[in-house]
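Step one of this worksheet: look at the structure below.
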Amino acid sequence: SVPTVCIFGYDMKTITRVAVDRDDLGNWGHVKLSTESSGDGTVPQNSTVLPGADVHPVAQSHGALFVDNDVLMRLKVELTGR
């Protein structure tokens, strides 16, 4: 019932899958990380959108989202209505 906007980065190599081999005792062996260009370098894009929310994708990395001018303008519009 609360209006929501999901602001997220995209088009950056991001870990999207982890495969772990285990021995008979359950100890971890080889760990394989799979990456895709579908996230912000930290958070995969498919983990960023809530059902029914507006989306605002930005071609930025995770650490740069909070200083991106496009993100700041969207936040201003959402918070002030102008």
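Identifiers in the structure tokens: chain A, B, ... in order shown; residue index from 1 per chain; ligand index from 1 in order shown.
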**Asked** Do you know which residues are at most 8 Å from Glu36 in chain A counting only C-alpha atoms, after dropping those on the same chain fewer than 6 positions away, and could you put them as number ranges by chain?
**Response** A: 12-16
Write the selection just made, keeping N, CA and C atoms, as a PDB file, in the first residue's frame?
```pdb
ATOM      1  N   MET A  12      26.643  -4.102 -15.119  1.00  0.00           N
ATOM      2  CA  MET A  12      27.965  -4.306 -14.529  1.00  0.00           C
ATOM      3  C   MET A  12      28.117  -5.797 -14.214  1.00  0.00           C
ATOM      4  N   LYS A  13      29.330  -6.322 -14.395  1.00  0.00           N
ATOM      5  CA  LYS A  13      29.559  -7.732 -14.054  1.00  0.00           C
ATOM      6  C   LYS A  13      29.267  -7.945 -12.575  1.00  0.00           C
ATOM      7  N   THR A  14      28.363  -8.890 -12.299  1.00  0.00           N
ATOM      8  CA  THR A  14      27.895  -9.152 -10.939  1.00  0.00           C
ATOM      9  C   THR A  14      27.806 -10.658 -10.722  1.00  0.00           C
ATOM     10  N   ILE A  15      28.227 -11.118  -9.560  1.00  0.00           N
ATOM     11  CA  ILE A  15      28.086 -12.541  -9.239  1.00  0.00           C
ATOM     12  C   ILE A  15      26.601 -12.858  -9.134  1.00  0.00           C
ATOM     13  N   THR A  16      26.156 -13.856  -9.927  1.00  0.00           N
ATOM     14  CA  THR A  16      24.739 -14.212  -9.932  1.00  0.00           C
ATOM     15  C   THR A  16      24.492 -15.652  -9.477  1.00  0.00           C
TER      16      THR A  16
END
```
**Message:** Going by DSSP on the backbone, which residues of chain A come out as alpha helix (DSSP H)? List them as a ChimeraX atom specification.
**Reply:** /A:69-80
**Item:** strand (DSSP E) residues, from DSSP on the backbone, in chain A, as a count of residues only
**Value:** 28
**Residues near range 50-53 of chain A, cut-off 12 Å, only C-alpha atoms, skip fewer than 3 positions along chain, as an NGL selection string** = :A and (1-8 or 45-47 or 56)
Fewer than 5 positions away in the same chain doesn't count, so skip those; otherwise give me all residues within 12 Å of Ala64 in chain A, counting only C-alpha atoms, as a PDB file with C-alpha atoms, in the first residue's frame.
```pdb
ATOM      1  CA  PHE A   8      19.269   0.031  -9.029  1.00  0.00           C
ATOM      2  CA  GLY A   9      22.395  -0.215 -11.114  1.00  0.00           C
ATOM      3  CA  TYR A  10      22.700  -2.441 -14.156  1.00  0.00           C
ATOM      4  CA  MET A  12      27.965  -4.306 -14.529  1.00  0.00           C
ATOM      5  CA  ASP A  40      25.546  -3.177 -10.228  1.00  0.00           C
ATOM      6  CA  GLY A  41      28.687  -5.152  -9.438  1.00  0.00           C
ATOM      7  CA  THR A  42      27.358  -6.055  -5.977  1.00  0.00           C
ATOM      8  CA  VAL A  58      20.757   3.481 -13.726  1.00  0.00           C
ATOM      9  CA  ALA A  59      23.933   2.455 -15.586  1.00  0.00           C
ATOM     10  CA  ASN A  69      22.846  12.965 -10.544  1.00  0.00           C
ATOM     11  CA  ASP A  70      20.016  10.972 -12.155  1.00  0.00           C
ATOM     12  CA  VAL A  71      19.421   9.069  -8.905  1.00  0.00           C
ATOM     13  CA  LEU A  72      19.523  12.262  -6.842  1.00  0.00           C
TER      14      LEU A  72
END
```
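Here CA of Ala19 in chain A and CA of Ser37 in chain A stand 18.2 Å from one another.
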